[in-house]
$ cat data-v2.csv   # CSV, N, CA and C atoms
chain,number,residue,atom,x,y,z
A,1,MET,N,0.0,-48.4,11.9
A,1,MET,CA,-0.6,-47.2,11.3
A,1,MET,C,-2.1,-47.3,11.6
A,2,ALA,N,-2.6,-46.2,12.1
A,2,ALA,CA,-4.0,-46.1,12.4
A,2,ALA,C,-4.9,-45.8,11.2
A,3,ARG,N,-6.0,-46.4,11.1
A,3,ARG,CA,-6.9,-46.1,10.0
A,3,ARG,C,-8.0,-45.2,10.5
A,4,VAL,N,-8.3,-44.2,9.7
A,4,VAL,CA,-9.3,-43.3,10.1
A,4,VAL,C,-10.6,-43.7,9.4
A,5,GLU,N,-11.6,-43.9,10.2
A,5,GLU,CA,-12.9,-44.3,9.6
A,5,GLU,C,-13.8,-43.1,9.4
A,6,MET,N,-14.4,-42.9,8.3
A,6,MET,CA,-15.2,-41.8,8.0
A,6,MET,C,-16.6,-42.3,7.8
A,7,GLY,N,-17.5,-42.0,8.7
A,7,GLY,CA,-18.9,-42.4,8.5
A,7,GLY,C,-19.7,-41.4,7.7
A,8,ARG,N,-21.0,-41.6,7.8
A,8,ARG,CA,-21.9,-40.7,7.1
A,8,ARG,C,-21.9,-39.3,7.7
A,9,GLY,N,-22.3,-38.4,6.9
A,9,GLY,CA,-22.4,-37.0,7.4
A,9,GLY,C,-21.1,-36.3,7.2
A,10,SER,N,-21.0,-35.1,7.8
A,10,SER,CA,-19.8,-34.3,7.7
A,10,SER,C,-18.9,-34.5,8.9
A,11,PRO,N,-17.7,-35.1,8.6
A,11,PRO,CA,-16.8,-35.3,9.7
A,11,PRO,C,-16.3,-34.0,10.3
A,12,ARG,N,-15.9,-34.0,11.6
A,12,ARG,CA,-15.4,-32.8,12.2
A,12,ARG,C,-14.2,-32.3,11.4
A,13,GLY,N,-14.1,-31.0,11.2
A,13,GLY,CA,-13.0,-30.4,10.6
A,13,GLY,C,-13.0,-30.4,9.1
A,14,LEU,N,-14.0,-31.1,8.5
A,14,LEU,CA,-14.0,-31.1,7.0
A,14,LEU,C,-14.3,-29.8,6.4
A,15,GLU,N,-15.1,-29.0,7.1
A,15,GLU,CA,-15.5,-27.7,6.6
A,15,GLU,C,-14.3,-26.7,6.3
A,16,GLN,N,-13.2,-27.0,6.9
A,16,GLN,CA,-12.0,-26.1,6.7
A,16,GLN,C,-11.2,-26.4,5.5
A,17,PHE,N,-11.6,-27.5,4.8
A,17,PHE,CA,-10.9,-27.8,3.5
A,17,PHE,C,-11.4,-27.0,2.4
A,18,ASP,N,-10.6,-26.6,1.4
A,18,ASP,CA,-11.0,-25.8,0.3
A,18,ASP,C,-11.7,-26.7,-0.7
A,19,GLY,N,-12.7,-26.1,-1.4
A,19,GLY,CA,-13.5,-26.8,-2.4
A,19,GLY,C,-12.7,-26.9,-3.7
A,20,HIS,N,-13.2,-27.7,-4.5
A,20,HIS,CA,-12.6,-28.0,-5.8
A,20,HIS,C,-12.4,-26.7,-6.6
A,21,SER,N,-13.4,-25.9,-6.6
A,21,SER,CA,-13.4,-24.6,-7.5
A,21,SER,C,-12.3,-23.7,-6.9
A,22,GLU,N,-12.2,-23.6,-5.6
A,22,GLU,CA,-11.1,-22.7,-5.0
A,22,GLU,C,-9.7,-23.2,-5.4
A,23,VAL,N,-9.5,-24.5,-5.3
A,23,VAL,CA,-8.2,-25.1,-5.6
A,23,VAL,C,-7.9,-24.9,-7.1
A,24,VAL,N,-8.9,-25.1,-8.0
A,24,VAL,CA,-8.6,-25.0,-9.4
A,24,VAL,C,-8.3,-23.5,-9.7
A,25,ALA,N,-9.0,-22.6,-9.1
A,25,ALA,CA,-8.7,-21.2,-9.3
A,25,ALA,C,-7.3,-20.8,-8.8
A,26,ALA,N,-7.0,-21.3,-7.6
A,26,ALA,CA,-5.6,-21.0,-7.1
A,26,ALA,C,-4.5,-21.6,-8.0
A,27,ALA,N,-4.8,-22.8,-8.5
A,27,ALA,CA,-3.8,-23.5,-9.4
A,27,ALA,C,-3.6,-22.7,-10.7
A,28,ARG,N,-4.8,-22.2,-11.2
A,28,ARG,CA,-4.7,-21.4,-12.4
A,28,ARG,C,-4.0,-20.1,-12.2
A,29,THR,N,-4.2,-19.5,-11.1
A,29,THR,CA,-3.5,-18.2,-10.8
A,29,THR,C,-2.0,-18.5,-10.6
A,30,GLN,N,-1.6,-19.6,-9.9
A,30,GLN,CA,-0.2,-19.9,-9.7
A,30,GLN,C,0.4,-20.2,-11.0
A,31,ARG,N,-0.3,-20.9,-11.9
A,31,ARG,CA,0.3,-21.2,-13.2
A,31,ARG,C,0.5,-20.0,-14.0
A,32,ARG,N,-0.4,-19.0,-13.9
A,32,ARG,CA,-0.2,-17.7,-14.6
A,32,ARG,C,1.0,-17.0,-14.1
A,33,ILE,N,1.2,-17.0,-12.8
A,33,ILE,CA,2.3,-16.3,-12.2
A,33,ILE,C,3.6,-17.0,-12.6
A,34,ALA,N,3.6,-18.3,-12.6
A,34,ALA,CA,4.9,-19.1,-13.0
A,34,ALA,C,5.2,-18.8,-14.4
A,35,LEU,N,4.2,-18.8,-15.3
A,35,LEU,CA,4.5,-18.6,-16.7
A,35,LEU,C,5.0,-17.1,-17.0
A,36,GLY,N,4.4,-16.2,-16.2
A,36,GLY,CA,4.8,-14.8,-16.4
A,36,GLY,C,6.3,-14.6,-16.0
A,37,TYR,N,6.6,-15.1,-14.8
A,37,TYR,CA,8.0,-15.0,-14.3
A,37,TYR,C,8.9,-15.9,-15.1
A,38,GLY,N,8.5,-17.0,-15.6
A,38,GLY,CA,9.3,-17.8,-16.5
A,38,GLY,C,9.6,-17.1,-17.8
A,39,LEU,N,8.7,-16.3,-18.3
A,39,LEU,CA,8.9,-15.5,-19.5
A,39,LEU,C,9.9,-14.4,-19.3
A,40,VAL,N,9.8,-13.8,-18.1
A,40,VAL,CA,10.8,-12.8,-17.8
A,40,VAL,C,12.2,-13.4,-17.7
A,41,PHE,N,12.3,-14.6,-17.1
A,41,PHE,CA,13.6,-15.3,-17.0
A,41,PHE,C,14.2,-15.6,-18.3
A,42,VAL,N,13.4,-16.1,-19.2
A,42,VAL,CA,13.8,-16.4,-20.6
A,42,VAL,C,14.3,-15.2,-21.3
A,43,LEU,N,13.5,-14.1,-21.2
A,43,LEU,CA,13.9,-12.9,-21.9
A,43,LEU,C,15.2,-12.3,-21.3
A,44,ALA,N,15.4,-12.4,-20.0
A,44,ALA,CA,16.7,-12.0,-19.5
A,44,ALA,C,17.8,-12.8,-20.0
A,45,ILE,N,17.6,-14.1,-20.1
A,45,ILE,CA,18.7,-15.0,-20.6
A,45,ILE,C,19.0,-14.6,-22.1
A,46,LEU,N,18.0,-14.4,-22.8
A,46,LEU,CA,18.2,-14.2,-24.3
A,46,LEU,C,18.6,-12.8,-24.6
A,47,SER,N,18.5,-11.8,-23.6
A,47,SER,CA,18.9,-10.4,-23.9
A,47,SER,C,20.4,-10.3,-24.0
A,48,VAL,N,21.2,-11.1,-23.3
A,48,VAL,CA,22.6,-10.9,-23.3
A,48,VAL,C,23.2,-11.3,-24.7
A,49,PRO,N,22.9,-12.4,-25.3
A,49,PRO,CA,23.4,-12.7,-26.6
A,49,PRO,C,22.8,-11.7,-27.7
A,50,MET,N,21.5,-11.4,-27.5
A,50,MET,CA,21.0,-10.4,-28.5
A,50,MET,C,21.6,-9.1,-28.5
A,51,LEU,N,22.0,-8.6,-27.3
A,51,LEU,CA,22.7,-7.3,-27.2
A,51,LEU,C,24.1,-7.5,-27.7
A,52,SER,N,24.7,-8.6,-27.5
A,52,SER,CA,26.1,-8.9,-28.1
A,52,SER,C,26.1,-8.9,-29.6
A,53,LEU,N,25.0,-9.4,-30.2
A,53,LEU,CA,24.9,-9.4,-31.6
A,53,LEU,C,24.5,-8.1,-32.3
A,54,SER,N,23.7,-7.3,-31.5
A,54,SER,CA,23.2,-6.1,-32.1
A,54,SER,C,23.9,-4.8,-31.8
A,55,LEU,N,24.6,-4.8,-30.6
A,55,LEU,CA,25.3,-3.6,-30.2
A,55,LEU,C,26.8,-3.9,-30.1
A,56,PRO,N,27.6,-3.3,-31.0
A,56,PRO,CA,29.1,-3.6,-30.9
A,56,PRO,C,29.7,-3.1,-29.6
A,57,TRP,N,29.2,-2.0,-29.1
A,57,TRP,CA,29.8,-1.4,-27.9
A,57,TRP,C,29.6,-2.3,-26.7
A,58,TRP,N,28.6,-3.2,-26.7
A,58,TRP,CA,28.2,-4.1,-25.6
A,58,TRP,C,29.4,-5.0,-25.2
A,59,THR,N,30.1,-5.4,-26.2
A,59,THR,CA,31.3,-6.3,-26.0
A,59,THR,C,32.6,-5.6,-26.3
A,60,GLY,N,32.5,-4.4,-27.0
A,60,GLY,CA,33.8,-3.8,-27.3
A,60,GLY,C,34.3,-2.7,-26.4
A,61,SER,N,33.4,-2.0,-25.7
A,61,SER,CA,33.8,-1.0,-24.7
A,61,SER,C,34.3,-1.6,-23.4
A,62,ARG,N,35.0,-0.8,-22.7
A,62,ARG,CA,35.6,-1.3,-21.4
A,62,ARG,C,35.2,-0.5,-20.3
A,63,LEU,N,34.9,-1.2,-19.2
A,63,LEU,CA,34.6,-0.5,-17.9
A,63,LEU,C,35.8,-0.6,-17.0
A,64,VAL,N,35.5,-0.5,-15.7
A,64,VAL,CA,36.6,-0.6,-14.7
A,64,VAL,C,37.3,-2.0,-14.8
A,65,GLY,N,38.6,-2.0,-14.8
A,65,GLY,CA,39.3,-3.2,-14.8
A,65,GLY,C,39.4,-3.9,-16.2
A,66,GLY,N,39.0,-3.2,-17.2
A,66,GLY,CA,39.0,-3.7,-18.6
A,66,GLY,C,37.9,-4.7,-18.9
A,67,MET,N,36.9,-4.7,-18.1
A,67,MET,CA,35.7,-5.6,-18.4
A,67,MET,C,34.7,-5.0,-19.2
A,68,SER,N,34.1,-5.7,-20.2
A,68,SER,CA,33.1,-5.2,-21.0
A,68,SER,C,31.8,-5.2,-20.3
A,69,PRO,N,30.8,-4.4,-20.7
A,69,PRO,CA,29.5,-4.4,-20.1
A,69,PRO,C,28.8,-5.8,-20.1
A,70,SER,N,29.1,-6.5,-21.2
A,70,SER,CA,28.5,-7.9,-21.3
A,70,SER,C,29.1,-8.8,-20.3
A,71,PHE,N,30.4,-8.7,-20.0
A,71,PHE,CA,31.0,-9.6,-19.0
A,71,PHE,C,30.5,-9.2,-17.6
A,72,VAL,N,30.3,-8.0,-17.3
A,72,VAL,CA,29.9,-7.5,-16.0
A,72,VAL,C,28.5,-8.1,-15.8
A,73,VAL,N,27.6,-8.0,-16.8
A,73,VAL,CA,26.2,-8.5,-16.7
A,73,VAL,C,26.2,-10.0,-16.5
A,74,VAL,N,27.0,-10.7,-17.3
A,74,VAL,CA,27.0,-12.2,-17.1
A,74,VAL,C,27.7,-12.6,-15.8
A,75,ALA,N,28.8,-11.9,-15.4
A,75,ALA,CA,29.5,-12.4,-14.2
A,75,ALA,C,28.8,-12.1,-12.9
A,76,GLY,N,28.0,-11.0,-12.9
A,76,GLY,CA,27.3,-10.7,-11.6
A,76,GLY,C,25.9,-10.2,-11.7
A,77,GLY,N,25.7,-9.4,-12.8
A,77,GLY,CA,24.4,-8.8,-12.9
A,77,GLY,C,23.2,-9.7,-13.0
A,78,LEU,N,23.4,-10.8,-13.8
A,78,LEU,CA,22.3,-11.8,-13.9
A,78,LEU,C,22.0,-12.5,-12.6
A,79,TYR,N,23.0,-12.8,-11.8
A,79,TYR,CA,22.8,-13.5,-10.6
A,79,TYR,C,22.0,-12.6,-9.6
A,80,VAL,N,22.3,-11.3,-9.6
A,80,VAL,CA,21.5,-10.4,-8.7
A,80,VAL,C,20.1,-10.3,-9.3
A,81,PHE,N,19.9,-10.2,-10.6
A,81,PHE,CA,18.6,-10.1,-11.2
A,81,PHE,C,17.8,-11.4,-10.9
A,82,PHE,N,18.4,-12.6,-11.0
A,82,PHE,CA,17.7,-13.8,-10.8
A,82,PHE,C,17.3,-14.0,-9.3
A,83,LEU,N,18.2,-13.5,-8.4
A,83,LEU,CA,17.8,-13.6,-7.0
A,83,LEU,C,16.6,-12.7,-6.7
A,84,ALA,N,16.6,-11.5,-7.3
A,84,ALA,CA,15.5,-10.6,-7.1
A,84,ALA,C,14.2,-11.2,-7.7
A,85,LEU,N,14.3,-11.8,-8.9
A,85,LEU,CA,13.2,-12.4,-9.6
A,85,LEU,C,12.6,-13.5,-8.8
A,86,GLY,N,13.5,-14.4,-8.3
A,86,GLY,CA,13.0,-15.5,-7.5
A,86,GLY,C,12.3,-15.1,-6.2
A,87,VAL,N,12.9,-14.1,-5.5
A,87,VAL,CA,12.2,-13.6,-4.3
A,87,VAL,C,10.9,-13.0,-4.6
A,88,ALA,N,10.8,-12.2,-5.7
A,88,ALA,CA,9.5,-11.6,-6.1
A,88,ALA,C,8.5,-12.6,-6.5
A,89,ALA,N,8.9,-13.7,-7.2
A,89,ALA,CA,8.0,-14.7,-7.6
A,89,ALA,C,7.5,-15.5,-6.4
A,90,ALA,N,8.4,-15.8,-5.5
A,90,ALA,CA,8.0,-16.6,-4.3
A,90,ALA,C,7.1,-15.8,-3.4
A,91,THR,N,7.4,-14.5,-3.3
A,91,THR,CA,6.5,-13.7,-2.4
A,91,THR,C,5.1,-13.5,-3.0
A,92,LEU,N,5.0,-13.3,-4.3
A,92,LEU,CA,3.7,-13.1,-4.9
A,92,LEU,C,3.0,-14.4,-4.9
A,93,ALA,N,3.6,-15.6,-5.2
A,93,ALA,CA,2.9,-16.9,-5.1
A,93,ALA,C,2.4,-17.2,-3.7
A,94,ARG,N,3.2,-16.9,-2.7
A,94,ARG,CA,2.8,-17.2,-1.4
A,94,ARG,C,1.6,-16.3,-1.0
A,95,SER,N,1.7,-15.0,-1.3
A,95,SER,CA,0.6,-14.1,-0.9
A,95,SER,C,-0.7,-14.5,-1.7
A,96,VAL,N,-0.6,-14.9,-2.9
A,96,VAL,CA,-1.8,-15.3,-3.7
A,96,VAL,C,-2.4,-16.6,-3.0
A,97,GLU,N,-1.6,-17.5,-2.7
A,97,GLU,CA,-2.1,-18.7,-2.1
A,97,GLU,C,-2.7,-18.4,-0.7
A,98,ASP,N,-2.1,-17.6,0.1
A,98,ASP,CA,-2.6,-17.2,1.4
A,98,ASP,C,-4.0,-16.6,1.2
A,99,ARG,N,-4.1,-15.7,0.2
A,99,ARG,CA,-5.4,-15.0,0.0
A,99,ARG,C,-6.5,-16.0,-0.5
A,100,MET,N,-6.1,-16.9,-1.4
A,100,MET,CA,-7.1,-17.7,-2.1
A,100,MET,C,-7.4,-19.0,-1.3
A,101,LEU,N,-6.5,-19.6,-0.6
A,101,LEU,CA,-6.8,-20.9,0.0
A,101,LEU,C,-6.6,-20.8,1.6
A,102,GLY,N,-7.2,-21.8,2.2
A,102,GLY,CA,-6.9,-22.0,3.6
A,102,GLY,C,-7.7,-21.2,4.6
A,103,THR,N,-8.7,-20.6,4.1
A,103,THR,CA,-9.6,-19.9,5.1
A,103,THR,C,-11.0,-20.5,5.0
A,104,SER,N,-11.6,-20.6,6.1
A,104,SER,CA,-13.0,-21.0,6.1
A,104,SER,C,-13.9,-19.9,6.6
A,105,GLU,N,-15.1,-20.0,6.5
A,105,GLU,CA,-16.0,-19.0,7.0
A,105,GLU,C,-15.9,-18.8,8.5
A,106,ASP,N,-15.6,-19.8,9.3
A,106,ASP,CA,-15.4,-19.7,10.7
A,106,ASP,C,-14.1,-18.9,11.0
A,107,ASP,N,-13.0,-19.1,10.2
A,107,ASP,CA,-11.8,-18.3,10.4
A,107,ASP,C,-12.1,-16.8,10.1
A,108,ALA,N,-12.9,-16.5,9.1
A,108,ALA,CA,-13.1,-15.1,8.7
A,108,ALA,C,-13.9,-14.4,9.8
A,109,ASP,N,-14.8,-15.2,10.5
A,109,ASP,CA,-15.6,-14.6,11.6
A,109,ASP,C,-14.8,-14.3,12.8
A,110,HIS,N,-13.7,-15.0,13.0
A,110,HIS,CA,-12.9,-14.8,14.2
A,110,HIS,C,-11.6,-14.0,14.0
A,111,GLU,N,-11.5,-13.4,12.8
A,111,GLU,CA,-10.3,-12.6,12.6
A,111,GLU,C,-10.4,-11.2,13.3
A,112,PRO,N,-9.4,-10.8,13.9
A,112,PRO,CA,-9.5,-9.5,14.6
A,112,PRO,C,-9.6,-8.3,13.6
A,113,THR,N,-10.4,-7.4,14.0
A,113,THR,CA,-10.6,-6.2,13.1
A,113,THR,C,-9.4,-5.2,13.2
A,114,ARG,N,-9.1,-4.6,12.2
A,114,ARG,CA,-8.0,-3.6,12.2
A,114,ARG,C,-8.5,-2.2,12.0
$ encode --input "data-v2.csv" --output "C-alpha cells"
Amino acid sequence: MARVEMGRGSPRGLEQFDGHSEVVAAARTQRRIALGYGLVFVLAILSVPMLSLSLPWWTGSRLVGGMSPSFVVVAGGLYVFFLALGVAAATLARSVEDRMLGTSEDDADHEPTR
C-alpha cells in the first residue's frame, strides 16, 4: 500500500474539497430532510390504527371483493405511499447534496452557460 506524503503548502487538488462549514451546513440540511420525512412516515403508520379507532366505517364498510378500506390501505396503499415517500426523500437529499457540496470555484468558472 502506497503512502501519500503531504508536504508544506497546498497539495494539488486540495482546493476541490469542501470546507468544514459547507459540510456542517449540508449535514444539518440532510438531517432536517430526514427528520421531516421520518415524521411523515410515522404519521402515515399511526394514521391507520387511529382511523380504525375513530371511524367505524373505516373497518366496517366493504369495497370491491368484501375488503374494508382499512385492509386495502394496509395491504397495498401503504406500500405505494412508502415507495413514493422514499423516492421523494432520496431525490431531494441528492439534489440538496449536489447543490451544497462538491463544487469548487474552478468548477463554477468552467460550467457551460445555459
$ closest_residue --input "data-v2.csv" --among "A:Pro69, A:Arg28, A:His20, A:Ile33" --to "Ala90 (chain A)" --atoms "only C-alpha atoms"
A:Ile33
$ atom_distance --input "data-v2.csv" --atom1 "atom C of Gly77 (chain A)" --atom2 "atom C of Val64 (chain A)"
16.2 Å
$ residues_near_point --input "data-v2.csv" --point "(-4.5, -17.5, -2.8)" --cutoff "9 Å" --atoms "only C-alpha atoms" --output "list in words"
Glu22, Val23, Ala25, Ala26, Ala27, Thr29, Gln30, Ala93, Arg94, Ser95, Val96, Glu97, Asp98, Arg99, Met100, Leu101 and Gly102 of chain A
$ write_last_selection --input "data-v2.csv" --atoms "N, CA and C atoms" --output "compact mmCIF listing (two decimals), in the frame of the given file"
# COMPACT_ATOMS: atom_id res chain seq x y z
N GLU A 22 -12.20 -23.60 -5.60
CA GLU A 22 -11.10 -22.70 -5.00
C GLU A 22 -9.70 -23.20 -5.40
N VAL A 23 -9.50 -24.50 -5.30
CA VAL A 23 -8.20 -25.10 -5.60
C VAL A 23 -7.90 -24.90 -7.10
N ALA A 25 -9.00 -22.60 -9.10
CA ALA A 25 -8.70 -21.20 -9.30
C ALA A 25 -7.30 -20.80 -8.80
N ALA A 26 -7.00 -21.30 -7.60
CA ALA A 26 -5.60 -21.00 -7.10
C ALA A 26 -4.50 -21.60 -8.00
N ALA A 27 -4.80 -22.80 -8.50
CA ALA A 27 -3.80 -23.50 -9.40
C ALA A 27 -3.60 -22.70 -10.70
N THR A 29 -4.20 -19.50 -11.10
CA THR A 29 -3.50 -18.20 -10.80
C THR A 29 -2.00 -18.50 -10.60
N GLN A 30 -1.60 -19.60 -9.90
CA GLN A 30 -0.20 -19.90 -9.70
C GLN A 30 0.40 -20.20 -11.00
N ALA A 93 3.60 -15.60 -5.20
CA ALA A 93 2.90 -16.90 -5.10
C ALA A 93 2.40 -17.20 -3.70
N ARG A 94 3.20 -16.90 -2.70
CA ARG A 94 2.80 -17.20 -1.40
C ARG A 94 1.60 -16.30 -1.00
N SER A 95 1.70 -15.00 -1.30
CA SER A 95 0.60 -14.10 -0.90
C SER A 95 -0.70 -14.50 -1.70
N VAL A 96 -0.60 -14.90 -2.90
CA VAL A 96 -1.80 -15.30 -3.70
C VAL A 96 -2.40 -16.60 -3.00
N GLU A 97 -1.60 -17.50 -2.70
CA GLU A 97 -2.10 -18.70 -2.10
C GLU A 97 -2.70 -18.40 -0.70
N ASP A 98 -2.10 -17.60 0.10
CA ASP A 98 -2.60 -17.20 1.40
C ASP A 98 -4.00 -16.60 1.20
N ARG A 99 -4.10 -15.70 0.20
CA ARG A 99 -5.40 -15.00 0.00
C ARG A 99 -6.50 -16.00 -0.50
N MET A 100 -6.10 -16.90 -1.40
CA MET A 100 -7.10 -17.70 -2.10
C MET A 100 -7.40 -19.00 -1.30
N LEU A 101 -6.50 -19.60 -0.60
CA LEU A 101 -6.80 -20.90 0.00
C LEU A 101 -6.60 -20.80 1.60
N GLY A 102 -7.20 -21.80 2.20
CA GLY A 102 -6.90 -22.00 3.60
C GLY A 102 -7.70 -21.20 4.60
$ residues_around --input "data-v2.csv" --residues "region 38-54 of chain A" --least-positions-apart "3" --cutoff "12 Å" --atoms "only C-alpha atoms" --output "MDAnalysis selection string"
chainID A and resid 30:35 57:61 68:75 77:86 88:89
$ atom_distance --input "data-v2.csv" --atom1 "atom N of Gly76 (chain A)" --atom2 "CA of Tyr37 (chain A)"
20.4 Å
$ atom_distance --input "data-v2.csv" --atom1 "CA of Met67 (chain A)" --atom2 "atom C of Leu55 (chain A)"
14.8 Å
